[in-house]
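As structure tokens, the structure follows; a few thoughts come after it.
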Amino acid sequence: MRTVYLDCSTGISGDMTLGALIDAGVDIELIRSGIDSMGLDGVRLECQTVVKGGFRATHVHVEHPQQHAHRHLSDIESLLDRGDRITASQKTLAREIFTAVATAEARVHGSTIDQVHFHEVGAIDSIVDIVGAAIGFDLLGADTIVCSPIPTGRGQIHIDHGICTVPAPGTAELLKGIPLVDVPIEAELTTPTGAAIVRTVVDRFASLPEMTIEQIGYGAGTKDFPQRANLLRLFVGTATISPDTDRVWLLETNLDDVPGETIGYVRTRLLEAGALDVFAVAAQMKKDRPGVVLSVLCRQADQERMESILFDETATFGIRRHLLERSVRLRESTIVETPWGPVAGKRGWRSGEREVFTPEFEDCARVAAAAGIPLRDVYRAANAAFIPAPNQSPTPANHSHDHSHDHSHDHSHDHSHDHDHDHDHSHDHDHDHDQ
């Protein structure tokens, strides 16, 4: 399994990410080509080799004319649409990163993602960093992206709204649900662009996984810190851990004052929003009242969205979070032919084991109703029609890196500083490249 690991020992920013990608071997000319195709006059991506704390690294810099534009999300999407040398998957990833920023800013400012203005993340250098990073990660073709806990730094910084504590409001919103670590440096270590990239592309947060390393890229930050090299390390290699495991979040809340109809409605909403599973278990609550424990399994990227639904619909006062590791069968959708027509289902397998097949109930029910036969006959025919591939461990088409990550990194991976002007502004700080 092709794996990328982000070692954020001194945080992460957009330019550090792009520098690490290029240093790890991503073709800078392909990144430049995509950026140039957006038609940004006078903009040029430059990179140079620098030394940080005694270690060689790549530092990127965006040359551009002075500009004062405060862009909306729609303005940035228009720029992406013009990029005829940016692939569809690269545009999708870039949009997800920008949308993560817009959602975070909208929540912080009490606005909407369509109304907020990007400040520094809408500046040319940040646009180039995000689009370049989206192109770079796409070119790497990782099956999974793992990241260390994120240091935010300490102290206070100046933003357009005055002085605020690190992490700045938008950055903090983007880092909700992501494990943080304290690094004793009086500076902003993680910028809003860096936080948005992490939130969008990372599948899980952990220490360096078991892997065979092929490339290591070093992306340099701008600042120099005593006794610490201001670097982002990016490892590229092949994971040696079993592909038959993954990690998910278990969200639980106890409910003793919610009608059964509401629990059913909430379950439907959660599943439609991307939950892997939702179930309720009867329990005896405080004061001997009967109730239920409502449990949700979801990806990292969907965690915050799931929690928002639970808070909105149940008025619960708390949700417990548990990070779980699962043993799973890899799976993909398939269709088998029965005497009464095609039936959809899922084929699943584990390494070295024989494949299994599970017909989809809705499809079986449709075929049974149309043919006027018992449902069990359709199930039997569908199972009989499936021919497993013995002694194979195929890779399903949908087992590649999923950036809606499952991604929100929301992949709840939900994203969303205050403003006294008579229009909404979305920003975090004056410079996203001052790390």
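Scheme for the structure tokens: letters A, B, ... for chains in order shown; per-chain residue numbers from 1; ligand numbers from 1 in order shown.
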- [ ] Please identify all polymer residues within 10 Å of Ala384 in chain A, counting only C-alpha atoms, omitting same-chain residues fewer than 2 positions from it, and present them as an MDAnalysis selection string.
- [x] chainID A and resid 336:338 357 378:382 386:387
Output the selection as an mmCIF file, in the first residue's frame - N, CA and C atoms for each residue.
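Output (result_13.cif):
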```cif
data_model
loop_
_atom_site.group_PDB
_atom_site.id
_atom_site.type_symbol
_atom_site.label_atom_id
_atom_site.label_comp_id
_atom_site.auth_asym_id
_atom_site.auth_seq_id
_atom_site.Cartn_x
_atom_site.Cartn_y
_atom_site.Cartn_z
ATOM 1 N N VAL A 336 -24.249 -9.689 -10.263
ATOM 2 C CA VAL A 336 -24.345 -11.073 -10.740
ATOM 3 C C VAL A 336 -25.640 -11.229 -11.522
ATOM 4 N N GLU A 337 -25.673 -12.212 -12.380
ATOM 5 C CA GLU A 337 -26.852 -12.471 -13.206
ATOM 6 C C GLU A 337 -27.647 -13.631 -12.631
ATOM 7 N N THR A 338 -28.933 -13.408 -12.408
ATOM 8 C CA THR A 338 -29.838 -14.457 -11.941
ATOM 9 C C THR A 338 -30.832 -14.761 -13.059
ATOM 10 N N PHE A 357 -19.554 -13.012 -0.970
ATOM 11 C CA PHE A 357 -20.475 -12.140 -1.703
ATOM 12 C C PHE A 357 -21.746 -11.954 -0.888
ATOM 13 N N VAL A 378 -34.419 -15.409 -4.689
ATOM 14 C CA VAL A 378 -33.514 -14.472 -5.347
ATOM 15 C C VAL A 378 -32.164 -14.457 -4.634
ATOM 16 N N TYR A 379 -32.216 -14.471 -3.292
ATOM 17 C CA TYR A 379 -30.969 -14.511 -2.535
ATOM 18 C C TYR A 379 -30.165 -15.755 -2.894
ATOM 19 N N ARG A 380 -30.822 -16.898 -2.924
ATOM 20 C CA ARG A 380 -30.110 -18.143 -3.242
ATOM 21 C C ARG A 380 -29.514 -18.089 -4.638
ATOM 22 N N ALA A 381 -30.277 -17.594 -5.604
ATOM 23 C CA ALA A 381 -29.786 -17.527 -6.985
ATOM 24 C C ALA A 381 -28.613 -16.564 -7.110
ATOM 25 N N ALA A 382 -28.691 -15.438 -6.403
ATOM 26 C CA ALA A 382 -27.602 -14.459 -6.480
ATOM 27 C C ALA A 382 -26.320 -15.020 -5.887
ATOM 28 N N PHE A 386 -22.568 -16.045 -7.983
ATOM 29 C CA PHE A 386 -21.277 -15.409 -7.739
ATOM 30 C C PHE A 386 -20.167 -16.431 -7.816
ATOM 31 N N ILE A 387 -19.150 -16.126 -8.594
ATOM 32 C CA ILE A 387 -17.999 -17.011 -8.743
ATOM 33 C C ILE A 387 -16.791 -16.333 -8.114
#
```
Would you mind listing, for every residue of range 230-257 of chain A within 6 Å of range 302-321 of chain A, the two atoms forming the shortest contact and the distance between them in Å to one decimal, using only C-alpha atoms, sorted by chain and ascending residue number, as a Markdown table?
```
| residue | atom | partner | partner_atom | distance |
| --- | --- | --- | --- | --- |
| A:Leu250 | CA | A:Arg321 | CA | 5.8 |
| A:Leu251 | CA | A:Arg321 | CA | 4.9 |
| A:Glu252 | CA | A:Arg320 | CA | 5.1 |
| A:Thr253 | CA | A:Ile319 | CA | 4.9 |
```
Task: Counting only C-alpha atoms, the residue of A:Asp114, A:Asp125, A:Asp256, A:Asp138 that sits nearest Ser74 in chain A - done: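 Of A:Asp114, A:Asp125, A:Asp256, A:Asp138, the one nearest Ser74 in chain A is A:Asp114, counting only C-alpha atoms.
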Open item on the list: Write out as a PyMOL selection string the set of residues from range 65-229 of chain A that DSSP, computed on the backbone, places in strand (DSSP E or B).
Closed with: chain A and resi 71+118+144-147+150-151+153+156-159+162-165+180-181+188+204-205+211-220+225+228
- [ ] Within range 8-55 of chain A, find each residue whose DSSP state, derived from the backbone, is alpha helix (DSSP H), and express the selection as a list in words.
- [x]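 Of range 8-55 of chain A, the ones in alpha helix (DSSP H) are Gly14, Asp15, Met16, Thr17, Leu18, Gly19, Ala20, Leu21, Ile22, Asp23, Ile28, Glu29, Leu30, Ile31, Arg32, Ser33, Gly34, Ile35 and Asp36 of chain A.
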Save out the residues we just selected, C-alpha atoms, as a short mmCIF file (atom, residue, chain, number, x, y, z; two decimals), in the first residue's frame.
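In the end it all went to result.cif:
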```
data_model
loop_
_atom_site.label_atom_id
_atom_site.label_comp_id
_atom_site.auth_asym_id
_atom_site.auth_seq_id
_atom_site.Cartn_x
_atom_site.Cartn_y
_atom_site.Cartn_z
CA GLY A 14 1.11 25.71 2.65
CA ASP A 15 4.61 26.57 1.46
CA MET A 16 6.19 23.91 3.69
CA THR A 17 3.82 21.30 2.26
CA LEU A 18 4.52 22.26 -1.32
CA GLY A 19 8.26 22.36 -0.66
CA ALA A 20 8.18 18.88 0.89
CA LEU A 21 6.22 17.46 -2.05
CA ILE A 22 8.70 18.86 -4.57
CA ASP A 23 11.66 17.74 -2.48
CA ILE A 28 7.72 20.90 -10.21
CA GLU A 29 7.10 21.57 -13.90
CA LEU A 30 3.78 19.72 -13.74
CA ILE A 31 2.83 21.84 -10.74
CA ARG A 32 3.93 25.03 -12.52
CA SER A 33 2.04 24.05 -15.63
CA GLY A 34 -1.19 23.62 -13.68
CA ILE A 35 -0.73 26.90 -11.82
CA ASP A 36 0.15 28.80 -15.00
#
```
- [ ] Would you mind listing what lies within 8 Å of range 209-219 of chain A as a PyMOL selection string, with only C-alpha atoms counted and same-chain residues fewer than 3 positions away left out?
- [x] chain A and resi 3+5+15-25+56-59+146+206+231-241
Put those residues in a file: C-alpha atoms, as a PDB file, in the first residue's frame.
```pdb
ATOM      1  CA  THR A   3       1.731   5.443   2.012  1.00  0.00           C
ATOM      2  CA  TYR A   5       3.527  10.198   6.249  1.00  0.00           C
ATOM      3  CA  ASP A  15       4.614  26.573   1.463  1.00  0.00           C
ATOM      4  CA  MET A  16       6.188  23.906   3.693  1.00  0.00           C
ATOM      5  CA  THR A  17       3.823  21.297   2.259  1.00  0.00           C
ATOM      6  CA  LEU A  18       4.519  22.263  -1.324  1.00  0.00           C
ATOM      7  CA  GLY A  19       8.264  22.358  -0.662  1.00  0.00           C
ATOM      8  CA  ALA A  20       8.185  18.875   0.889  1.00  0.00           C
ATOM      9  CA  LEU A  21       6.217  17.463  -2.051  1.00  0.00           C
ATOM     10  CA  ILE A  22       8.699  18.863  -4.573  1.00  0.00           C
ATOM     11  CA  ASP A  23      11.662  17.741  -2.478  1.00  0.00           C
ATOM     12  CA  ALA A  24      10.184  14.215  -2.378  1.00  0.00           C
ATOM     13  CA  GLY A  25      10.261  14.038  -6.157  1.00  0.00           C
ATOM     14  CA  ARG A  56      19.024  20.700   3.610  1.00  0.00           C
ATOM     15  CA  ALA A  57      15.460  21.418   2.508  1.00  0.00           C
ATOM     16  CA  THR A  58      13.408  22.918  -0.308  1.00  0.00           C
ATOM     17  CA  HIS A  59      11.845  26.343   0.195  1.00  0.00           C
ATOM     18  CA  VAL A 146      -0.935   9.446   7.792  1.00  0.00           C
ATOM     19  CA  ALA A 206      -0.500   8.400  14.338  1.00  0.00           C
ATOM     20  CA  LEU A 231      11.004  21.648   8.584  1.00  0.00           C
ATOM     21  CA  LEU A 232       8.106  19.511   7.415  1.00  0.00           C
ATOM     22  CA  ARG A 233       9.224  15.965   6.573  1.00  0.00           C
ATOM     23  CA  LEU A 234       7.237  13.941   4.086  1.00  0.00           C
ATOM     24  CA  PHE A 235       7.883  10.201   3.852  1.00  0.00           C
ATOM     25  CA  VAL A 236       6.791   8.236   0.794  1.00  0.00           C
ATOM     26  CA  GLY A 237       6.890   4.466   0.790  1.00  0.00           C
ATOM     27  CA  THR A 238       5.102   1.159   1.009  1.00  0.00           C
ATOM     28  CA  ALA A 239       3.220   0.255   4.164  1.00  0.00           C
ATOM     29  CA  THR A 240       4.000  -3.124   5.642  1.00  0.00           C
ATOM     30  CA  ILE A 241       0.934  -3.154   7.889  1.00  0.00           C
TER      31      ILE A 241
END
```
Task: Shell of 12 Å around Ala283 in chain A, only C-alpha atoms, local chain residues under 6 positions omitted, as a PyMOL selection string - done: chain A and resi 253-256+289-294
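Interatomic distance, CA of Val183 in chain A against CA of Gly153 in chain A: 6.0 Å.
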Open item on the list: Would you pick out the contacts of Val166 in chain A at 9 Å or less, using only C-alpha atoms, so that residues sharing its chain but fewer than 3 positions from it are not included, and give the list as a list in words?
Closed with: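 Listing them by chain and then by number gives Thr152, Gly153, Arg154, Gly155, Gln156, Ile157, Pro169, Thr171, Ala172, Ala187, Glu188 and Leu189 of chain A.
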Preceding selection exported with N, CA and C atoms as a PDB file, in the first residue's frame:
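Dumped everything to part24.pdb:
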```
ATOM      1  N   THR A 152       0.599  23.587  17.311  1.00  0.00           N
ATOM      2  CA  THR A 152       0.090  24.890  16.877  1.00  0.00           C
ATOM      3  C   THR A 152       1.032  26.019  17.235  1.00  0.00           C
ATOM      4  N   GLY A 153       1.926  25.802  18.207  1.00  0.00           N
ATOM      5  CA  GLY A 153       2.777  26.865  18.697  1.00  0.00           C
ATOM      6  C   GLY A 153       2.145  27.554  19.892  1.00  0.00           C
ATOM      7  N   ARG A 154       2.765  28.626  20.330  1.00  0.00           N
ATOM      8  CA  ARG A 154       2.304  29.352  21.508  1.00  0.00           C
ATOM      9  C   ARG A 154       2.310  30.858  21.241  1.00  0.00           C
ATOM     10  N   GLY A 155       1.754  31.591  22.180  1.00  0.00           N
ATOM     11  CA  GLY A 155       1.844  33.039  22.142  1.00  0.00           C
ATOM     12  C   GLY A 155       0.685  33.702  21.445  1.00  0.00           C
ATOM     13  N   GLN A 156       0.913  34.935  20.993  1.00  0.00           N
ATOM     14  CA  GLN A 156      -0.126  35.717  20.333  1.00  0.00           C
ATOM     15  C   GLN A 156       0.375  36.236  19.000  1.00  0.00           C
ATOM     16  N   ILE A 157      -0.568  36.475  18.099  1.00  0.00           N
ATOM     17  CA  ILE A 157      -0.227  36.979  16.775  1.00  0.00           C
ATOM     18  C   ILE A 157      -1.162  38.123  16.420  1.00  0.00           C
ATOM     19  N   PRO A 169      -8.428  31.893  15.340  1.00  0.00           N
ATOM     20  CA  PRO A 169      -9.759  31.273  15.329  1.00  0.00           C
ATOM     21  C   PRO A 169     -10.035  30.325  14.160  1.00  0.00           C
ATOM     22  N   THR A 171      -7.916  28.774  12.194  1.00  0.00           N
ATOM     23  CA  THR A 171      -7.031  27.608  12.286  1.00  0.00           C
ATOM     24  C   THR A 171      -7.552  26.636  13.329  1.00  0.00           C
ATOM     25  N   ALA A 172      -7.956  27.160  14.480  1.00  0.00           N
ATOM     26  CA  ALA A 172      -8.487  26.296  15.542  1.00  0.00           C
ATOM     27  C   ALA A 172      -9.717  25.542  15.064  1.00  0.00           C
ATOM     28  N   ALA A 187       5.521  31.070  18.685  1.00  0.00           N
ATOM     29  CA  ALA A 187       5.270  31.447  17.292  1.00  0.00           C
ATOM     30  C   ALA A 187       4.075  30.642  16.797  1.00  0.00           C
ATOM     31  N   GLU A 188       3.509  31.098  15.702  1.00  0.00           N
ATOM     32  CA  GLU A 188       2.436  30.345  15.048  1.00  0.00           C
ATOM     33  C   GLU A 188       3.071  29.274  14.177  1.00  0.00           C
ATOM     34  N   LEU A 189       2.919  28.021  14.544  1.00  0.00           N
ATOM     35  CA  LEU A 189       3.553  26.924  13.817  1.00  0.00           C
ATOM     36  C   LEU A 189       2.669  26.367  12.715  1.00  0.00           C
TER      37      LEU A 189
END
```
Task: Non-local contacts of Thr334 in chain A (8 Å; only C-alpha atoms; under 6 positions in same chain excluded) as a ChimeraX atom specification - done: /A:344-347
- [ ] One decimal, Å: what's the distance from CA of Ser148 in chain A over to CA of Ile97 in chain A, could you say?
- [x]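 Rounded to one decimal, the two atoms are 19.0 Å apart.
Our summary of the geometry notes that CA of Phe205 in chain A is positioned 29.1 Å from CA of Ile76 in chain A.
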Task: Nearest-residue call for Pro339 in chain A, choices A:Val367, A:Leu324, A:Val266, A:Ala301, using only C-alpha atoms - done: A:Val367
Task: Contacts of Asp224 in chain A at 12 Å (only C-alpha atoms; same-chain gap of 3+ positions) as a ChimeraX atom specification - done: /A:10,50-54,185-187,189,220-221,227-231,434-435
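Comparing the minimum interatomic distances between Ala94 in chain A and each of A:Val278, A:Val108, A:Met1, A:Leu79, counting only C-alpha atoms, we find that A:Leu79 sits nearest.
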